[in-house]
Amino acid sequence: MRNGIRWRRLFAAVLGVLLCLALLALLAGYAAMRQSLPKLDGETALAGLVAPVSVERDALGVVTLRADSRLDLARATGFVHAQDRFFAMDLQRRAGTGEIAALLGGFALEFDKQLRLHGGPAVVRAAFKRLPPEEARLLEAYAEGVNAGLASLGARPPEYLALRVRPEPWRAKDTLAVGLGMYYVLQDPFAFQQQQREALRAHFPQDVVDFLLDAPGFREAPVEAGAEISMPFPAEEWAAALEAFREEGGDDAMTPVPGFFTPVDGDVSPGSNAWAVGPGRTLSGRALLAGDPHLRIGLPVIWYRVSMHFRDEAGDAAQLHGTTIPGAPFLVAGSNTRVAWSPTNSYARLTDLVRLDLHPDDPSRYHDGTDYRPFGIREETIRVRGRAEPVVHRVKTTAWGPVWTEQAGEKDPAGGPPPPAYALRWMGSDRYGLGAGLLRMERAASVDDVFEAAPFAGIPTQNIVAGDDAGNIGWTILGPLPRRNAVRVNRFALSPAEAAAVWDEALPPGSYPRVRNPAAEALWSANHEKLRGGATARLLGDGGYARDGRADRIRERLLESTEHDEHTMLALQLDAGTAFFADYRDFLLARIDGHPPPDTETEHLLAKTRDALAGWDGTAAADSVGFRLLYSWYNRFRKETGPHLFAPVAAAAPAAAAHIRLPGTHAAFREIILNRPKALLPADEDSWDALHLRILRKTAAELTDRRGNWSEATWGDYNRVRSVHPFSLIVPFLSRWLDVPADPMSGSPYSPRVHWHSFGQSYRMAVSPGREADALFTMPGGNSGHLLSPFYDAGHAEWVRGESLPLLPGEARHTLRLLPESGNGE
């Protein structure tokens with residue numbers, strides 16, 4: 001008995017010691033995290049400064065910088081970016097150059113290999129060497145500020161404490177790596193769309209190809225429209241092509257490729273809204289701009305709010321108000337008090353596939369348009385955390401870029417011809433792709449200056465909508481465009497002869513498309529095709545324009561009033577209305593009314609479904625059951641019929657099949673749904689009506705099963721904002737501390753208010769240049785990426801609720817003075 005008591009006491013003592021040690025470890029970790037919070041008040045030295053800089057933070061953590069020069073401003077910007085966001089900056093630069101595995105370990109290796117296809121580290125080094133001296137000095141000053149800001153922290157940022165690694169210093173060229181990372185987010189670096197188009201051309205007749213590439217979208221609303229396009233739907237030709245594909249490959253040919261056709265994800269590609277109205281449409285009699293980029297919503301959000309006050313190169317007082325991206329010293333969107341601007345993704349065609357012509361006797365050589373030459377081999381050295389030796393990844397290269405399909409020269413195991421091989425030409429890795437030319441945008445004094453500065457931005461090619469303090473509004477392309485000699489923007493892969501004649505240099509600035517002061521005094525950009533038809537439209541090509549009716553809804557709201565102000569702009573940004581589903585609602589109601597249910601249970605379910613559809617108010621409101629039914633039914637219909645309709649595309653381009661973005665896809669489904677062509681009915685279905693009712697019943701039943709109470713099966717219950725920290729994706733149990741609540745949200749991919757789970761409006765801004773005191777700005781999260789900072793999620797609740805906050809910072813709650821080191825300045 002006494003021995004048992006002793007053992008229990010010993011066990012209790014050991015357990016107590018272990019618990020004390022665990023508590024001490026937690027306290028030590030918490031203390032280290034507290035130490036890594038930035039210094040907000042007092043004074044600190046910053047090497048390289050010529051004169052003191054004031055850093056003010058308001059109650060939301062919005063920063064105001066006051067400097068005597070643009071270079072000192074760049075140093076201070078780097079300092080505060082590193083104080084608040086260094087880990088996010090680090091991930092962004094590594095995403096551009098394929099160096100994530102060096103920080104996070106082997107699970108990121110395959111991702112790095114994919115990113116290294118375009119040779120990111122070498123692209124960034126070469127781009128930095130080409131910078132004009134002024135831009136290079138600005139990036140060097142910014143890097144000095146970043147490293148000083150990181151060093152000023154009392155401990156490593158929490159993410160590095162958890163990873164047990166030390167952050168690597170920031171280099172001036174890393175800003176260009178951040179830009180390359182944004183290229184990967186905003187463009188199609190692996191030419192998935194062209195792969196789909198090649199597969200389409202190989203298996204479908206010309207009528208079907210033309211429809212799927214050229215059919216008008218739903219209420220496209222171009223800013224400048226060409227001739228109206230009306231195209232008959234080639235149902236019979238499509239069906240014949242599918243039958244030929246089935247006969248050639250047997251029934252197995254129609255078996256869906258795993259992961260094929262995920263239309264929900266395909267609806268939410270990176271994009272944005274931006275619009276401007278002229279003096280005749282505003283209460284103030286001045287130009288007014290609004291913008292809301294659509295990106296992944298995470299913590300921290302990609303943007304960093306700041307107001308900058310400094311002396312320009314002429315010694316005059318200058319101001320910049322808006323948002324930066326940590327990793328770069330420039331204002332990306334906002335106002336300089338003379339001009340205001342906001343970007344949207346351009347979806348111009350900036351990636352080309354080149355069909356490789358291999359030597360018939362030597363598959364290690366390809367034709368470059370003039371003669372055969374050997375493939376190159378580029379070795380990419382990838383560091384992997386936890387491994388003593390780096391991984392050497394070999395990439396096959398051509399005169400145009402890397403070989404995308406590694407089958408080049410391989411024989412088909414069945415004895416047929418080798419599969420096609422392609423090379424990639426991508427603007428992101430081109431010598432004109434990266435730069436630091438946003439500095440020119442900051443200096444613009446008019447819309448015309450924006451037109452002159454935009455081609456030199458050196459960022460992923462965007463639309464830019466701008467307005468100036470003289471009342472002018474305008475649209476153009478921000479960033480590089482290729483000048484294509486002899487060959488217009490091709491819808492398909494280029495032959496070697498065609499490829500040799502294109503992309504010889506950047507498009508001259510004078511050849512850029514521009515729209516200035518349209519007669520309607522309104523401009524709108526919603527990732528749609530701005531210029532329908534004509535030489536300029538062909539110049540831009542189609543890299544995946546939105547065809548969802550969003551632009552038309554914006555156009556209607558802008559043109560219905562001549563009394564716009566900042567709050568009507570915000571109201572339009574919060575507009576969850578969509579006409580896209582109106583015809584589908586009427587169609588489904590007719591199907592329900594025209595087909596008696598087979599049993600009482602089905603009758604009850606369809607009666608509730610009918611009531612929800614009939615009561616739908618035309619919006620993607622969070623409390624709408626009707627919209628959730630419509631959205632879920634439409635996606636389920638595409639998911640079920642897409643593998644049948646696009647089977648040849650999936651078989652020929654499986655890597656690109658998950659996100660079908662052929663321009664006419666929505667138009668094709670609209671024709672099939674509303675007109676029910678018998679030729680395209682899947683063989684195992686009795687009728688289109690029976691198929692629609694089955695899908696509708698299944699959708700409604702699932703909503704009932706999941707929620708129990710039908711009234712709780714709302715759009716907002718499904719469409720919750722999921723703002724997560726990157727560490728939550730790696731260590732999910734940290735989510736309760738790192739992430740914000742998943743609030744129900746109004747909006748959809750088909751509404752001006754774009755929202756779908758963790759994707760949506762990454763800021764909302766409305767500003768009239770020269771009237772910044774009346775401007776509005778909200779974003780989903782605060783300036784700080786530190787969990788313990790009061791600014792971690794500051795402003796997020798207001799963004800969720802759709803409330804307005806001022807663009808300009810409020811009263812300073814904290815002031816830090818950055819001082820020149822002894823001998824640097826005064």
# chains A, B, ... in the order shown; residues from 1 in each chain; ligands from 1
call {"tool": "residues_around", "arguments": {"residues": "range 769-771 of chain A", "least_positions_apart": "6", "cutoff": "6 Å", "atoms": "only C-alpha atoms", "output": "list of chain:residue names"}}
result
A:Thr337, A:Arg338, A:Val339, A:Ala340, A:Asp468, A:Asp469
call {"tool": "closest_atom_pairs", "arguments": {"of": "range 95-194 of chain A", "to": "range 328-336 of chain A", "cutoff": "12 Å", "atoms": "only C-alpha atoms", "output": "tab-separated table"}}
result
residue	atom	partner	partner_atom	distance
A:Glu135	CA	A:Pro329	CA	10.5
A:Ala136	CA	A:Pro329	CA	11.7
A:Arg137	CA	A:Pro329	CA	11.5
A:Leu138	CA	A:Pro329	CA	7.9
A:Leu139	CA	A:Pro329	CA	7.4
A:Glu140	CA	A:Pro329	CA	10.3
A:Ala141	CA	A:Pro329	CA	9.3
A:Tyr142	CA	A:Pro329	CA	6.3
A:Ala143	CA	A:Ala328	CA	9.1
A:Glu144	CA	A:Pro329	CA	11.6
A:Gly145	CA	A:Pro329	CA	10.1
A:Val146	CA	A:Ala328	CA	10.0
A:Trp170	CA	A:Ala328	CA	11.2
A:Arg171	CA	A:Ala328	CA	11.4
A:Ala172	CA	A:Ala328	CA	9.6
A:Lys173	CA	A:Ala328	CA	10.2
A:Asp174	CA	A:Ala328	CA	8.7
A:Thr175	CA	A:Ala328	CA	5.3
A:Leu176	CA	A:Ala328	CA	8.2
A:Ala177	CA	A:Ala328	CA	9.9
A:Val178	CA	A:Ala328	CA	7.6
A:Gly179	CA	A:Ala328	CA	8.5
A:Leu180	CA	A:Ala328	CA	11.9
A:Met182	CA	A:Ala328	CA	11.8
call {"tool": "write_last_selection", "arguments": {"atoms": "N, CA and C atoms", "output": "short mmCIF file (atom, residue, chain, number, x, y, z; two decimals), in the first residue's frame"}}
result
data_model
loop_
_atom_site.label_atom_id
_atom_site.label_comp_id
_atom_site.auth_asym_id
_atom_site.auth_seq_id
_atom_site.Cartn_x
_atom_site.Cartn_y
_atom_site.Cartn_z
N GLU A 135 14.94 54.40 -60.34
CA GLU A 135 14.09 53.35 -59.82
C GLU A 135 14.90 52.35 -59.00
N ALA A 136 16.12 52.04 -59.43
CA ALA A 136 16.97 51.13 -58.66
C ALA A 136 17.30 51.72 -57.30
N ARG A 137 17.60 53.02 -57.25
CA ARG A 137 17.91 53.66 -55.96
C ARG A 137 16.70 53.62 -55.03
N LEU A 138 15.53 53.79 -55.59
CA LEU A 138 14.32 53.76 -54.76
C LEU A 138 14.15 52.37 -54.13
N LEU A 139 14.37 51.31 -54.90
CA LEU A 139 14.23 49.96 -54.35
C LEU A 139 15.34 49.66 -53.34
N GLU A 140 16.52 50.21 -53.57
CA GLU A 140 17.60 50.02 -52.60
C GLU A 140 17.29 50.73 -51.29
N ALA A 141 16.74 51.94 -51.38
CA ALA A 141 16.35 52.66 -50.16
C ALA A 141 15.24 51.91 -49.43
N TYR A 142 14.30 51.38 -50.17
CA TYR A 142 13.22 50.62 -49.57
C TYR A 142 13.78 49.39 -48.84
N ALA A 143 14.71 48.67 -49.48
CA ALA A 143 15.30 47.49 -48.86
C ALA A 143 16.03 47.85 -47.57
N GLU A 144 16.73 48.99 -47.56
CA GLU A 144 17.40 49.43 -46.33
C GLU A 144 16.37 49.64 -45.22
N GLY A 145 15.25 50.23 -45.56
CA GLY A 145 14.20 50.44 -44.57
C GLY A 145 13.59 49.15 -44.08
N VAL A 146 13.37 48.19 -44.98
CA VAL A 146 12.81 46.90 -44.58
C VAL A 146 13.72 46.22 -43.57
N TRP A 170 16.11 41.42 -46.67
CA TRP A 170 15.44 41.87 -47.90
C TRP A 170 16.48 42.48 -48.83
N ARG A 171 16.38 42.17 -50.12
CA ARG A 171 17.26 42.74 -51.13
C ARG A 171 16.45 43.62 -52.07
N ALA A 172 17.10 44.58 -52.67
CA ALA A 172 16.38 45.53 -53.52
C ALA A 172 15.61 44.81 -54.62
N LYS A 173 16.20 43.75 -55.17
CA LYS A 173 15.53 43.05 -56.27
C LYS A 173 14.31 42.26 -55.81
N ASP A 174 14.17 42.07 -54.49
CA ASP A 174 13.03 41.30 -54.00
C ASP A 174 11.69 41.98 -54.29
N THR A 175 11.71 43.30 -54.43
CA THR A 175 10.47 43.98 -54.82
C THR A 175 10.00 43.48 -56.18
N LEU A 176 10.92 43.22 -57.09
CA LEU A 176 10.54 42.69 -58.40
C LEU A 176 10.05 41.25 -58.27
N ALA A 177 10.60 40.50 -57.31
CA ALA A 177 10.11 39.14 -57.07
C ALA A 177 8.66 39.17 -56.59
N VAL A 178 8.32 40.17 -55.77
CA VAL A 178 6.92 40.34 -55.34
C VAL A 178 6.05 40.59 -56.57
N GLY A 179 6.52 41.43 -57.48
CA GLY A 179 5.77 41.68 -58.71
C GLY A 179 5.59 40.43 -59.54
N LEU A 180 6.63 39.59 -59.62
CA LEU A 180 6.51 38.35 -60.38
C LEU A 180 5.52 37.41 -59.70
N MET A 182 2.85 38.36 -58.19
CA MET A 182 1.53 38.84 -58.60
C MET A 182 1.22 38.44 -60.04
#
call {"tool": "closest_atom_pairs", "arguments": {"of": "range 271-382 of chain A", "to": "range 40-54 of chain A", "cutoff": "12 Å", "atoms": "only C-alpha atoms", "output": "CSV"}}
result
residue,atom,partner,partner_atom,distance
A:Ser307,CA,A:Ser54,CA,11.6
A:Met308,CA,A:Ser54,CA,10.2
A:His309,CA,A:Ser54,CA,9.7
A:Phe310,CA,A:Val53,CA,9.5
A:Arg311,CA,A:Ala51,CA,11.7
call {"tool": "residues_around", "arguments": {"residues": "range 672-685 of chain A", "least_positions_apart": "3", "cutoff": "10 Å", "atoms": "only C-alpha atoms", "output": "PDB file with C-alpha atoms, in the first residue's frame"}}
result
ATOM      1  CA  PHE A 233     -25.987  27.566 -81.522  1.00  0.00           C
ATOM      2  CA  PRO A 234     -24.440  24.530 -83.338  1.00  0.00           C
ATOM      3  CA  ALA A 235     -26.113  21.784 -81.307  1.00  0.00           C
ATOM      4  CA  GLU A 236     -26.180  19.202 -84.117  1.00  0.00           C
ATOM      5  CA  GLU A 237     -22.544  19.763 -85.026  1.00  0.00           C
ATOM      6  CA  TRP A 238     -21.525  19.541 -81.356  1.00  0.00           C
ATOM      7  CA  ALA A 239     -23.433  16.273 -80.927  1.00  0.00           C
ATOM      8  CA  ALA A 240     -21.847  14.803 -84.059  1.00  0.00           C
ATOM      9  CA  LEU A 242     -19.120  13.927 -79.437  1.00  0.00           C
ATOM     10  CA  ASP A 583     -34.283  33.534 -66.931  1.00  0.00           C
ATOM     11  CA  TYR A 584     -33.203  30.397 -65.100  1.00  0.00           C
ATOM     12  CA  ASP A 586     -38.512  31.438 -64.684  1.00  0.00           C
ATOM     13  CA  PHE A 587     -37.364  28.317 -66.528  1.00  0.00           C
ATOM     14  CA  LEU A 588     -37.308  26.215 -63.341  1.00  0.00           C
ATOM     15  CA  TYR A 634     -26.655  25.848 -61.982  1.00  0.00           C
ATOM     16  CA  PHE A 637     -26.062  21.086 -63.792  1.00  0.00           C
ATOM     17  CA  GLU A 640     -23.120  16.773 -64.320  1.00  0.00           C
ATOM     18  CA  THR A 641     -23.308  17.699 -68.000  1.00  0.00           C
ATOM     19  CA  HIS A 644     -20.183  14.815 -71.320  1.00  0.00           C
ATOM     20  CA  LEU A 645     -20.170  18.032 -73.347  1.00  0.00           C
ATOM     21  CA  HIS A 666     -21.737  30.387 -70.173  1.00  0.00           C
ATOM     22  CA  ALA A 667     -23.432  31.149 -73.504  1.00  0.00           C
ATOM     23  CA  ALA A 668     -23.411  27.470 -74.432  1.00  0.00           C
ATOM     24  CA  PHE A 669     -24.974  26.415 -71.141  1.00  0.00           C
ATOM     25  CA  TRP A 688     -33.908  17.645 -70.368  1.00  0.00           C
ATOM     26  CA  ASP A 689     -36.894  18.477 -68.166  1.00  0.00           C
ATOM     27  CA  ALA A 690     -36.459  15.257 -66.193  1.00  0.00           C
ATOM     28  CA  LEU A 691     -32.749  16.016 -65.788  1.00  0.00           C
ATOM     29  CA  HIS A 692     -33.404  19.537 -64.522  1.00  0.00           C
TER      30      HIS A 692
END
call {"tool": "residues_around", "arguments": {"residues": "Gly217 in chain A", "least_positions_apart": "6", "cutoff": "10 Å", "atoms": "only C-alpha atoms", "output": "mmCIF file with N, CA, C and O atoms, in the first residue's frame"}}
result
data_model
loop_
_atom_site.group_PDB
_atom_site.id
_atom_site.type_symbol
_atom_site.label_atom_id
_atom_site.label_comp_id
_atom_site.auth_asym_id
_atom_site.auth_seq_id
_atom_site.Cartn_x
_atom_site.Cartn_y
_atom_site.Cartn_z
ATOM 1 N N HIS A 528 -14.390 42.663 -68.061
ATOM 2 C CA HIS A 528 -15.064 42.313 -69.302
ATOM 3 C C HIS A 528 -14.294 42.919 -70.475
ATOM 4 O O HIS A 528 -13.329 43.651 -70.302
ATOM 5 N N GLU A 529 -14.747 42.618 -71.673
ATOM 6 C CA GLU A 529 -14.114 43.159 -72.867
ATOM 7 C C GLU A 529 -14.577 44.597 -73.060
ATOM 8 O O GLU A 529 -15.756 44.862 -73.271
ATOM 9 N N TYR A 545 -11.985 36.958 -70.418
ATOM 10 C CA TYR A 545 -12.877 38.033 -69.976
ATOM 11 C C TYR A 545 -14.092 37.487 -69.220
ATOM 12 O O TYR A 545 -14.581 36.397 -69.501
ATOM 13 N N ALA A 546 -14.580 38.291 -68.269
ATOM 14 C CA ALA A 546 -15.803 37.941 -67.543
ATOM 15 C C ALA A 546 -17.007 38.167 -68.446
ATOM 16 O O ALA A 546 -17.100 39.185 -69.142
ATOM 17 N N ARG A 547 -17.913 37.214 -68.438
ATOM 18 C CA ARG A 547 -19.136 37.290 -69.260
ATOM 19 C C ARG A 547 -20.352 36.935 -68.404
ATOM 20 O O ARG A 547 -21.170 36.114 -68.767
ATOM 21 N N ASP A 548 -20.447 37.600 -67.255
ATOM 22 C CA ASP A 548 -21.412 37.216 -66.245
ATOM 23 C C ASP A 548 -22.475 38.276 -65.973
ATOM 24 O O ASP A 548 -23.273 38.132 -65.054
ATOM 25 N N GLY A 549 -22.497 39.362 -66.743
ATOM 26 C CA GLY A 549 -23.493 40.400 -66.553
ATOM 27 C C GLY A 549 -23.136 41.433 -65.504
ATOM 28 O O GLY A 549 -23.886 42.398 -65.306
ATOM 29 N N PRO A 663 -14.350 31.115 -73.717
ATOM 30 C CA PRO A 663 -15.184 32.324 -73.623
ATOM 31 C C PRO A 663 -16.680 32.078 -73.728
ATOM 32 O O PRO A 663 -17.473 32.750 -73.068
ATOM 33 N N GLY A 664 -17.077 31.126 -74.557
ATOM 34 C CA GLY A 664 -18.504 30.910 -74.787
ATOM 35 C C GLY A 664 -19.144 29.868 -73.895
ATOM 36 O O GLY A 664 -20.266 29.425 -74.169
ATOM 37 N N THR A 665 -18.484 29.470 -72.813
ATOM 38 C CA THR A 665 -19.025 28.398 -71.972
ATOM 39 C C THR A 665 -20.370 28.781 -71.368
ATOM 40 O O THR A 665 -21.340 28.014 -71.431
ATOM 41 N N HIS A 666 -20.456 29.964 -70.753
ATOM 42 C CA HIS A 666 -21.737 30.387 -70.173
ATOM 43 C C HIS A 666 -22.816 30.481 -71.249
ATOM 44 O O HIS A 666 -23.968 30.095 -71.025
ATOM 45 N N ALA A 667 -22.445 31.021 -72.425
ATOM 46 C CA ALA A 667 -23.432 31.149 -73.504
ATOM 47 C C ALA A 667 -23.925 29.786 -73.961
ATOM 48 O O ALA A 667 -25.107 29.596 -74.250
ATOM 49 N N ALA A 668 -23.015 28.815 -74.015
ATOM 50 C CA ALA A 668 -23.411 27.470 -74.432
ATOM 51 C C ALA A 668 -24.368 26.846 -73.420
ATOM 52 O O ALA A 668 -25.399 26.254 -73.797
ATOM 53 N N ARG A 670 -26.327 28.423 -71.428
ATOM 54 C CA ARG A 670 -27.599 29.138 -71.495
ATOM 55 C C ARG A 670 -28.458 28.595 -72.646
ATOM 56 O O ARG A 670 -29.672 28.393 -72.497
#
call {"tool": "select_by_dssp", "arguments": {"residues": "range 690-822 of chain A", "states": "alpha helix (DSSP H)", "output": "count of residues only"}}
result
37
call {"tool": "residues_around", "arguments": {"residues": "range 732-745 of chain A", "least_positions_apart": "3", "cutoff": "7 Å", "atoms": "only C-alpha atoms", "output": "ChimeraX atom specification"}}
result
/A:622,716-717,719-725,728-729,787
call {"tool": "write_last_selection", "arguments": {"atoms": "N, CA and C atoms", "output": "short mmCIF file (atom, residue, chain, number, x, y, z; two decimals), in the first residue's frame"}}
result
data_model
loop_
_atom_site.label_atom_id
_atom_site.label_comp_id
_atom_site.auth_asym_id
_atom_site.auth_seq_id
_atom_site.Cartn_x
_atom_site.Cartn_y
_atom_site.Cartn_z
N ALA A 622 -27.56 37.65 -48.41
CA ALA A 622 -27.14 36.61 -47.47
C ALA A 622 -28.32 35.81 -46.95
N GLY A 716 -26.17 33.09 -47.44
CA GLY A 716 -25.14 33.50 -46.49
C GLY A 716 -24.62 32.36 -45.65
N ASP A 717 -25.47 31.37 -45.35
CA ASP A 717 -25.01 30.20 -44.62
C ASP A 717 -23.94 29.45 -45.40
N ASN A 719 -22.25 31.00 -48.17
CA ASN A 719 -21.26 31.97 -48.66
C ASN A 719 -20.70 32.77 -47.48
N ARG A 720 -19.93 32.11 -46.65
CA ARG A 720 -19.32 32.78 -45.49
C ARG A 720 -17.91 33.23 -45.84
N VAL A 721 -17.56 34.42 -45.36
CA VAL A 721 -16.21 34.91 -45.59
C VAL A 721 -15.26 34.09 -44.74
N ARG A 722 -14.22 33.59 -45.36
CA ARG A 722 -13.22 32.78 -44.66
C ARG A 722 -11.87 33.49 -44.79
N SER A 723 -11.57 34.32 -43.80
CA SER A 723 -10.31 35.05 -43.78
C SER A 723 -9.34 34.29 -42.89
N VAL A 724 -8.36 33.67 -43.50
CA VAL A 724 -7.47 32.79 -42.75
C VAL A 724 -6.03 33.26 -42.88
N HIS A 725 -5.27 33.03 -41.84
CA HIS A 725 -3.84 33.28 -41.84
C HIS A 725 -3.14 32.11 -42.52
N SER A 728 -2.77 28.92 -40.56
CA SER A 728 -3.94 28.09 -40.33
C SER A 728 -4.05 26.98 -41.36
N LEU A 729 -3.55 27.24 -42.56
CA LEU A 729 -3.59 26.23 -43.61
C LEU A 729 -2.57 25.13 -43.34
N LEU A 787 -0.61 38.66 -34.67
CA LEU A 787 -1.81 38.23 -33.96
C LEU A 787 -2.10 39.09 -32.73
#
call {"tool": "select_by_dssp", "arguments": {"residues": "range 403-620 of chain A", "states": "strand (DSSP E or B)", "output": "PyMOL selection string"}}
result
chain A and resi 403+422-426+462-468+473-478+482-483+494+505-506+514-516+522-525+531+548+564+577+619
call {"tool": "atom_distance", "arguments": {"atom1": "CA of Leu200 in chain A", "atom2": "CA of Leu350 in chain A"}}
result
19.9 Å
call {"tool": "residues_around", "arguments": {"residues": "Asp611 in chain A", "least_positions_apart": "6", "cutoff": "10 Å", "atoms": "only C-alpha atoms", "output": "ChimeraX atom specification"}}
result
/A:589,625-626
call {"tool": "write_last_selection", "arguments": {"atoms": "N, CA, C and O atoms", "output": "PDB file, in the first residue's frame"}}
result
ATOM      1  N   LEU A 589     -39.306  27.414 -62.641  1.00  0.00           N
ATOM      2  CA  LEU A 589     -40.707  27.491 -62.205  1.00  0.00           C
ATOM      3  C   LEU A 589     -41.620  26.820 -63.229  1.00  0.00           C
ATOM      4  O   LEU A 589     -42.571  26.103 -62.863  1.00  0.00           O
ATOM      5  N   VAL A 625     -32.806  32.177 -49.674  1.00  0.00           N
ATOM      6  CA  VAL A 625     -32.824  30.752 -49.966  1.00  0.00           C
ATOM      7  C   VAL A 625     -32.932  30.535 -51.478  1.00  0.00           C
ATOM      8  O   VAL A 625     -32.312  29.633 -52.044  1.00  0.00           O
ATOM      9  N   GLY A 626     -33.697  31.417 -52.144  1.00  0.00           N
ATOM     10  CA  GLY A 626     -33.894  31.275 -53.583  1.00  0.00           C
ATOM     11  C   GLY A 626     -32.597  31.356 -54.361  1.00  0.00           C
ATOM     12  O   GLY A 626     -32.361  30.563 -55.284  1.00  0.00           O
TER      13      GLY A 626
END
call {"tool": "closest_residue", "arguments": {"among": "A:Val55, A:Ala88, A:Ala436, A:Ala127", "to": "Pro157 in chain A", "atoms": "only C-alpha atoms"}}
result
A:Ala88
call {"tool": "decode", "arguments": {"residues": "range 389-406 of chain A", "atoms": "N, CA and C atoms", "output": "compact mmCIF listing (two decimals), in the first residue's frame"}}
result
# COMPACT_ATOMS: atom_id res chain seq x y z
N GLU A 389 21.50 19.05 -48.87
CA GLU A 389 21.84 19.38 -50.26
C GLU A 389 20.62 19.93 -50.98
N PRO A 390 20.81 20.93 -51.83
CA PRO A 390 19.68 21.45 -52.60
C PRO A 390 19.25 20.47 -53.68
N VAL A 391 18.06 20.66 -54.17
CA VAL A 391 17.52 19.87 -55.27
C VAL A 391 17.81 20.60 -56.58
N VAL A 392 18.35 19.88 -57.55
CA VAL A 392 18.60 20.47 -58.86
C VAL A 392 17.47 20.06 -59.80
N HIS A 393 16.71 21.02 -60.24
CA HIS A 393 15.56 20.79 -61.11
C HIS A 393 15.92 21.27 -62.51
N ARG A 394 15.79 20.38 -63.49
CA ARG A 394 16.18 20.71 -64.87
C ARG A 394 14.95 21.04 -65.71
N VAL A 395 15.03 22.17 -66.40
CA VAL A 395 13.94 22.65 -67.23
C VAL A 395 14.41 22.70 -68.68
N LYS A 396 13.66 22.06 -69.57
CA LYS A 396 13.98 22.09 -71.00
C LYS A 396 13.52 23.41 -71.58
N THR A 397 14.35 24.06 -72.38
CA THR A 397 14.04 25.41 -72.87
C THR A 397 14.15 25.49 -74.38
N THR A 398 13.50 26.54 -74.92
CA THR A 398 13.54 26.84 -76.35
C THR A 398 13.83 28.32 -76.53
N ALA A 399 13.85 28.76 -77.77
CA ALA A 399 14.08 30.17 -78.06
C ALA A 399 12.96 31.05 -77.54
N TRP A 400 11.77 30.47 -77.30
CA TRP A 400 10.62 31.27 -76.88
C TRP A 400 10.37 31.19 -75.38
N GLY A 401 10.85 30.14 -74.77
CA GLY A 401 10.61 29.93 -73.36
C GLY A 401 10.68 28.46 -73.03
N PRO A 402 10.24 28.07 -71.82
CA PRO A 402 10.36 26.67 -71.40
C PRO A 402 9.43 25.75 -72.17
N VAL A 403 9.80 24.49 -72.24
CA VAL A 403 8.91 23.47 -72.78
C VAL A 403 7.89 23.13 -71.71
N TRP A 404 6.62 23.28 -72.08
CA TRP A 404 5.56 23.06 -71.10
C TRP A 404 5.20 21.59 -71.01
N THR A 405 5.03 20.91 -72.13
CA THR A 405 4.71 19.48 -72.12
C THR A 405 6.01 18.71 -72.21
N GLU A 406 6.30 17.93 -71.21
CA GLU A 406 7.58 17.22 -71.14
C GLU A 406 7.59 15.98 -72.04
